[in-house]
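Everything below concerns the one structure shown next.
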2 protein chains.
Amino acid sequence: MSGHSVTANASAMTETVIAALVDAIGSGSVLTDPADRARYESDWRNRYSGTASCVVLPRSTAEVAKVMSICYEARVAVVPQGGRTGLVGGAIPQIPSVVISLERMTQIRAFDPLGMTLAVDAGLTLGAARAYAGEHDLALPILIGAEGSAQIGGIIATNAGGSNVLRYGMTRQRVIGLEVVLADGRIWNGMRSVAKDNTGYGLQHLFIGSEGTLGIVTGAVLQLSPAPRGVVTALCPVPSIDAALSVLLKLRAAMPEALVAFEFMSAATVALIASQRPDLAAALAISGESGACLLVECEDFTGTDATQDRMHDALGNALETGEISDALLAQSVAQRDAIWAFREAISFAQNGVGYSVKNDVSVPIGRIPDLLAQGSAAIMAICPDAVPICYGHLGDGNIHFNVSPAVPEASAALQGCEPQINAALADLSEELGGSFSAEHGVGQSKRDSLSRLRSGPELEMMRQIKAALDPLGLMNTGKLL
Amino acid sequence: MSGHSVTANASAMTETVIAALVDAIGSGSVLTDPADRARYESDWRNRYSGTASCVVLPRSTAEVAKVMSICYEARVAVVPQGGRTGLVGGAIPQIPSVVISLERMTQIRAFDPLGMTLAVDAGLTLGAARAYAGEHDLALPILIGAEGSAQIGGIIATNAGGSNVLRYGMTRQRVIGLEVVLADGRIWNGMRSVAKDNTGYGLQHLFIGSEGTLGIVTGAVLQLSPAPRGVVTALCPVPSIDAALSVLLKLRAAMPEALVAFEFMSAATVALIASQRPDLAAALAISGESGACLLVECEDFTGTDATQDRMHDALGNALETGEISDALLAQSVAQRDAIWAFREAISFAQNGVGYSVKNDVSVPIGRIPDLLAQGSAAIMAICPDAVPICYGHLGDGNIHFNVSPAVPEASAALQGCEPQINAALADLSEELGGSFSAEHGVGQSKRDSLSRLRSGPELEMMRQIKAALDPLGLMNTGKLL
């Protein structure tokens with residue numbers, strides 16, 4: 001068979017599938033025009049792109065099931081898609097695929113204020129779910145910058161982390177029920193609304209973090225928690241990473257039940273933000289010479305000044321011992337927002353100076369100084385014109401080990417070194433007893449690390465599970481494994 | 001082939017396997033004498049018993065791997081065994097099997113005070129692990145009555161719950177790394193010591209709660225947490241289950257970050273304890289007429305009276321509104337111990353009045369009153385001589401819906417009704433949106449509920465996973481699925 005006839009057959013097959021999809025869920029829910037498809041074919045950073053033979057926009061779980069059933073019968077690959085805010089290309093097709101976007105499935109299905117549970121469609125944005133909880137004096141404590149775009153199904157498929165994992169855990173710990181459309185179109189209804197359920201294998205945990213390679217999450221029951229009455233937020237310049245760890249231990253000992261965020265920004269990170277967003281820096285009296293900073297946040301449930309007083313005491317002690325060189329305790333919501341805006345400006349700041357490498361590793365907390373020192377040395381050896389931009393969730397042992405070029409002109413050189421840098425950081429984090437992907441997942445970009453750094457039995461179990469649940473290999477083909 | 005020759009062959013095969021096991025790990029680690037085997041062949045309640053063709057007592061993961069490899073080659077069924085404290089017969093052989101007890105694997109492998117992680121052998125008891133954490137001013141917050149016998153491997157295999165799930169989650173949430181010997185004897189080393197690791201499928205979550213049907217947990221990395229500086233404990237008679245829920249909401253709103261236990265005991269439960277342990281009741285000024293009671297506990301991290309004051313205020317408010325009729329706030333460690341001893345005396349008290357049915361269901365918290373009313377009515381309809389003994393973790397929606405005979409002479413009648421009672425409670429809990437096994441698992445005793453109440457796709461996925469990881473069906477044969 002010639003290449004030409006294969007293409008012709010594939011194309012004819014695609015036409016047949018598209019016709020069946022239109023027949024099943026309506027032409028308004030099947031995008032075939034290249035202009036309409038375009039935004040589903042690349043990620044927000046335009047780092048990954050692919051081809052959607054069509055994009056389907058189902059309005060219900062039943063419609064997702066119909067779509068999956070059609071694709072399964074026709075042996076057509078599918079890519080489930082949420083808000084496309086991932087960083088490893090997990091939601092972008094690698095081979096021409098039917099892209100299934102959940103963006104029209106945005107209903108709140110049920111809310112139980114006594115049980116503090118919220119059942120939602122998977123296409124609802126995290127921000128909308130958090131707002132709904134907030135309106136009912138409850139919290140969905142998953143704090144990521146992309147909450148306005150990221151969808152519940154996506155954060156479940158990627159087991160999103162964020163800035164308060166320290167207190168509330170990963171997305172996994174917020175999910176108590178799940179609904180999944182399986183590879184062959186059958187629906188698994190695991191939408192139970194109880195936190196305790198020991199009735200067989202933890203299937204929901206298999207789908208959480210599976211990056212759309214085993215099934216499509218269409219609904220979830222989320223465990224909410226009481227909303228705090230207030231938060232206490234501080235920004236503290238810190239002379240060294242060792243000092244930062246001392247402050248962490250001090251705060252963890254003094255107020256472990258209240259500490260929700262303990263974020264670190266390296267001196268280079270702070271200087272970069274200050275150079276790109278001098279307005280934000282000035283508002284906080286931060287300059288390019290401030291050095292590394294900590295962002296510390298505690299939640300208060302007492303409705304008194306008690307939590308603020310405890311944090312004040314702990315930071316006062318750290319000031320006296322020189323573990324921090326200053327402490328800006330937010331005195332208003334605006335000041336708190338300014339502190340978080342500074343922290344959230346890192347992506348913007350990196351974009352301002354050229355190509356940026358994003359990385360995300362975790363190590364046992366005590367190995368963080370080694371990670372920073374050895375990782376930076378490795379990067380400089382690979383790419384002398386690079387600047388490590390290290391920041392992240394120090395309280396969890398999770399560092400975003402990003403890299404920017406020293407000057408914009410070095411962007412191309414940095415881009416050329418990206419695979420080597422990522423491999424070096426992956427190897428180092430594993431050597432130090434950690435993980436080469438703490439939050440971001442595997443997707444397209446970390447598959448080589450997975451196959452290099454995970455053991456034979458581990459990879460084989462993953463492949464066995466993949467083969468069991470997606471025997472035709474149609475679910476997000478080419479991702480993760 | 002006649003039955004006799006099958007038996008002869010099986011027996012010869014067993015002799016060959018035992019010889020190979022002795023050769024691999026030494027005769028001192030292979031128990032074949034019926035007297036030596038006996039204690040491994042039944043559970044602590046003597047409710048389940050079976051036959052161990054031999055009991056092996058490996059001293060290391062490598063020895064477990066050798067044992068599994070031999071059994072796999074010989075197609076011999078194995079039963080992994082921890083402390084045998086389970087309630088559903090999960091650790092007792094149903095068919096003649098090689099029982100693998102982890103009781104000799106009791107080493108602490110590594111302790112990281114900065115990361116607050118503890119790596120242990122699976123045979124270490126929960127009590128020993130908790131004591132180790134406590135000696136280092138940290139906590140392993142898994143609170144179950146059987147901690148002196150229950151082993152880490154067992155509580156992981158069954159995803160144990162307990163009395164502070166409300167604050168700390170199930171055992172699943174304490175496990176960040178796992179080592180498992182697979183069905184064919186290969187070792188999966190997933191002993192990572194970081195809380196954040198998004199590198200592929202959540203394999204550890206597949207083994208957690210799998211009741212020894214997919215592999216043998218031989219080691220684990222546990223996430224510890226800071227030890228509280230104090231606890232505040234109260235015992236409160238409560239006029240009704242609705243009032244109890246109101247108190248829960250009040251405390252949850254007032255001090256959600258501190259509330260760790262919210263336990264309920266029905267009026268019949270309190271009366272039963274008072275009749276069987278009048279000493280414990282008298283010490284707390286509780287009588288058979290006290291009615292239902294709540295046990296409430298908060299942890300204090302402030303080192304001041306603040307937490308006690310907040311609890312005092314919240315309970316004072318509940319007293320004023322009549323939601324509780326009294327409140328005994330423990331004023332000493334001895335008084336706290338007395339309150340917990342009263343709560344923990346339920347099993348003893350049930351044993352004192354004849355046969356006891358143990359059950360364990362969960363429903364959304366708001367459905368608890370329906371569960372108690374409808375469940376009790378169903379039990380009385382099935383067995384008029386029965387008394388529901390309802391108690392448990394009200395804060396989690398988890399009720400141990402036990403049953404005792406009204407008089408000891410009704411024991412036989414109650415025992416005869418047990419399957420019907422269990423089926424009725426399972427059906428009811430599912431009807432109310434909950435689970436027929438909140439903590440206890442499936443084991444031998446709830447397999448019929450699993451197959452009756454779980455959907456086709458759910459059961460099929462479990463079977464596919466079982467077939468993928470244990471293709472010969474040798475792991476804890478006959479349990480769970």
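Each chain in the structure tokens gets a letter, A, B and so on, in the order shown; residues start at 1 in every chain, and ligands are counted from 1 in the order they appear.
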
Name the residues of range 72-219 of chain B that fall into strand (DSSP E) according to DSSP on the backbone, using the chain letters and numbers of this document, as a PyMOL selection string. chain B and resi 78-81+97-101+108-112+117-121+138-139+175-182+187-190+215-219

Please report as a Markdown table every residue of chain A lying within 6 Å of chain B, along with the nearest atom pair and their distance in Å (one decimal), using only C-alpha atoms.
| residue | atom | partner | partner_atom | distance |
| --- | --- | --- | --- | --- |
| A:Leu114 | CA | B:Gly366 | CA | 5.8 |
| A:Gly115 | CA | B:Ile365 | CA | 5.3 |
| A:Trp188 | CA | B:Pro457 | CA | 5.8 |
| A:Val194 | CA | B:Pro364 | CA | 5.6 |
| A:Lys196 | CA | B:Ala438 | CA | 4.8 |
| A:Asp197 | CA | B:Ala438 | CA | 4.3 |
| A:Asn198 | CA | B:Gly441 | CA | 4.8 |
| A:Thr199 | CA | B:Gly441 | CA | 5.6 |
| A:Tyr201 | CA | B:Ser210 | CA | 5.4 |
| A:Gly202 | CA | B:Leu206 | CA | 5.7 |
| A:Leu206 | CA | B:Gly202 | CA | 5.7 |
| A:Ser210 | CA | B:Tyr201 | CA | 5.4 |
| A:Pro364 | CA | B:Val194 | CA | 5.6 |
| A:Ile365 | CA | B:Gly115 | CA | 5.3 |
| A:Gly366 | CA | B:Leu114 | CA | 5.8 |
| A:Gly434 | CA | B:Val194 | CA | 5.9 |
| A:Ser435 | CA | B:Asp197 | CA | 5.6 |
| A:Ser437 | CA | B:Asn198 | CA | 5.5 |
| A:Ala438 | CA | B:Asp197 | CA | 4.3 |
| A:Glu439 | CA | B:Asn198 | CA | 5.5 |
| A:Gly441 | CA | B:Asn198 | CA | 4.8 |
| A:Val442 | CA | B:Thr199 | CA | 5.9 |
| A:Pro457 | CA | B:Trp188 | CA | 5.7 |
| A:Gln464 | CA | B:Ala468 | CA | 5.9 |
| A:Ala468 | CA | B:Gln464 | CA | 5.9 |

Long-range neighbours of Ile92 in chain B as a compact mmCIF listing (two decimals) with all heavy atoms, in the first residue's frame, 8 Å cut-off, only C-alpha atoms, 5 positions minimum in chain:
# COMPACT_ATOMS: atom_id res chain seq x y z
N TYR B 40 -1.87 -18.33 63.36
CA TYR B 40 -1.92 -17.61 62.08
C TYR B 40 -3.14 -18.02 61.24
O TYR B 40 -3.34 -17.51 60.15
CB TYR B 40 -0.65 -17.88 61.27
CG TYR B 40 0.62 -17.51 62.00
CD1 TYR B 40 1.28 -18.43 62.81
CD2 TYR B 40 1.13 -16.21 61.92
CE1 TYR B 40 2.44 -18.09 63.50
CE2 TYR B 40 2.29 -15.87 62.61
CZ TYR B 40 2.93 -16.81 63.40
OH TYR B 40 4.08 -16.46 64.08
N GLU B 41 -3.88 -18.98 61.78
CA GLU B 41 -4.98 -19.54 60.98
C GLU B 41 -6.35 -19.03 61.40
O GLU B 41 -7.37 -19.47 60.86
CB GLU B 41 -4.92 -21.07 61.06
CG GLU B 41 -3.69 -21.64 60.37
CD GLU B 41 -3.60 -23.15 60.45
OE1 GLU B 41 -3.83 -23.72 61.56
OE2 GLU B 41 -3.29 -23.78 59.41
N SER B 42 -6.39 -18.12 62.37
CA SER B 42 -7.69 -17.52 62.69
C SER B 42 -7.49 -16.09 63.18
O SER B 42 -6.39 -15.71 63.58
CB SER B 42 -8.44 -18.35 63.74
OG SER B 42 -7.71 -18.38 64.93
N ASP B 43 -8.53 -15.32 63.13
CA ASP B 43 -8.44 -13.90 63.52
C ASP B 43 -8.67 -13.77 65.01
O ASP B 43 -9.01 -14.74 65.70
CB ASP B 43 -9.45 -13.07 62.72
CG ASP B 43 -10.88 -13.39 63.11
OD1 ASP B 43 -11.20 -14.58 63.31
OD2 ASP B 43 -11.70 -12.46 63.21
N TYR B 48 -13.12 -16.14 61.83
CA TYR B 48 -12.66 -16.71 60.56
C TYR B 48 -11.51 -17.67 60.84
O TYR B 48 -10.66 -17.37 61.67
CB TYR B 48 -12.18 -15.61 59.61
CG TYR B 48 -13.25 -14.59 59.33
CD1 TYR B 48 -13.34 -13.43 60.10
CD2 TYR B 48 -14.18 -14.79 58.31
CE1 TYR B 48 -14.34 -12.50 59.86
CE2 TYR B 48 -15.17 -13.86 58.07
CZ TYR B 48 -15.24 -12.71 58.85
OH TYR B 48 -16.24 -11.80 58.63
N SER B 49 -11.51 -18.81 60.16
CA SER B 49 -10.35 -19.67 60.27
C SER B 49 -10.12 -20.39 58.96
O SER B 49 -11.02 -20.49 58.12
CB SER B 49 -10.51 -20.67 61.42
OG SER B 49 -11.65 -21.47 61.19
N GLY B 50 -8.90 -20.85 58.76
CA GLY B 50 -8.53 -21.51 57.51
C GLY B 50 -7.27 -22.32 57.71
O GLY B 50 -6.83 -22.49 58.85
N VAL B 79 -1.16 -15.93 51.37
CA VAL B 79 -1.95 -14.96 52.14
C VAL B 79 -0.99 -14.08 52.94
O VAL B 79 -0.32 -14.56 53.85
CB VAL B 79 -2.93 -15.66 53.10
CG1 VAL B 79 -3.63 -14.64 53.99
CG2 VAL B 79 -3.96 -16.47 52.32
N GLN B 81 0.03 -11.49 55.76
CA GLN B 81 -0.61 -11.33 57.07
C GLN B 81 0.12 -10.31 57.93
O GLN B 81 1.34 -10.35 58.03
CB GLN B 81 -0.64 -12.68 57.77
CG GLN B 81 -1.62 -12.76 58.90
CD GLN B 81 -1.72 -14.17 59.49
OE1 GLN B 81 -0.89 -14.54 60.30
NE2 GLN B 81 -2.72 -14.92 59.08
N ARG B 84 -3.38 -9.40 62.14
CA ARG B 84 -4.66 -10.16 62.23
C ARG B 84 -5.70 -9.43 63.07
O ARG B 84 -6.46 -10.05 63.80
CB ARG B 84 -4.44 -11.56 62.80
CG ARG B 84 -3.66 -12.51 61.91
CD ARG B 84 -3.53 -13.89 62.51
NE ARG B 84 -2.90 -13.85 63.84
CZ ARG B 84 -1.60 -13.75 64.04
NH1 ARG B 84 -0.78 -13.71 63.01
NH2 ARG B 84 -1.11 -13.70 65.26

B:Cys383, B:Met13, B:Ile346, B:Val238 ranked by distance to Leu294 in chain B, top pick (using only C-alpha atoms):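 Closest to Leu294 in chain B of all the choices is B:Val238.
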
From the list A:Ile273, A:Val217, A:Ala183, A:Val296, which residue is nearest Leu251 in chain A when using only C-alpha atoms?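 Comparing A:Ile273, A:Val217, A:Ala183, A:Val296 against Leu251 in chain A, the winner is A:Val296.
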
Pick out the residues sitting within 7 Å of range 98-107 of chain A, and hand them over as a ChimeraX atom specification; count only C-alpha atoms, and ignore anything fewer than 3 positions along from it in its own chain. /A:52-60,77-82,120-124

What is the CA of Ser376 in chain A to CA of Ser445 in chain A distance in Å?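 One can read the CA of Ser376 in chain A to CA of Ser445 in chain A distance as 20.8 Å.
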
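The shell of residues at most 12 Å from Gly26 in chain B, with only C-alpha atoms counted and near chain neighbours (fewer than 3 positions) removed, consists of Ile18, Ala19, Ala20, Leu21, Val22, Asp23, Ser29, Val30, Leu31, Val56, Leu57, Pro58, Arg59, Glu63, Lys66 and Val67 of chain B.
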
Do a neighbour search on Ile339 in chain A at 12 Å with only C-alpha atoms, toss out local chain neighbours closer than 6 positions, and write the hits as a ChimeraX atom specification. /A:232-236,263,279-286,293-297,327-333,345
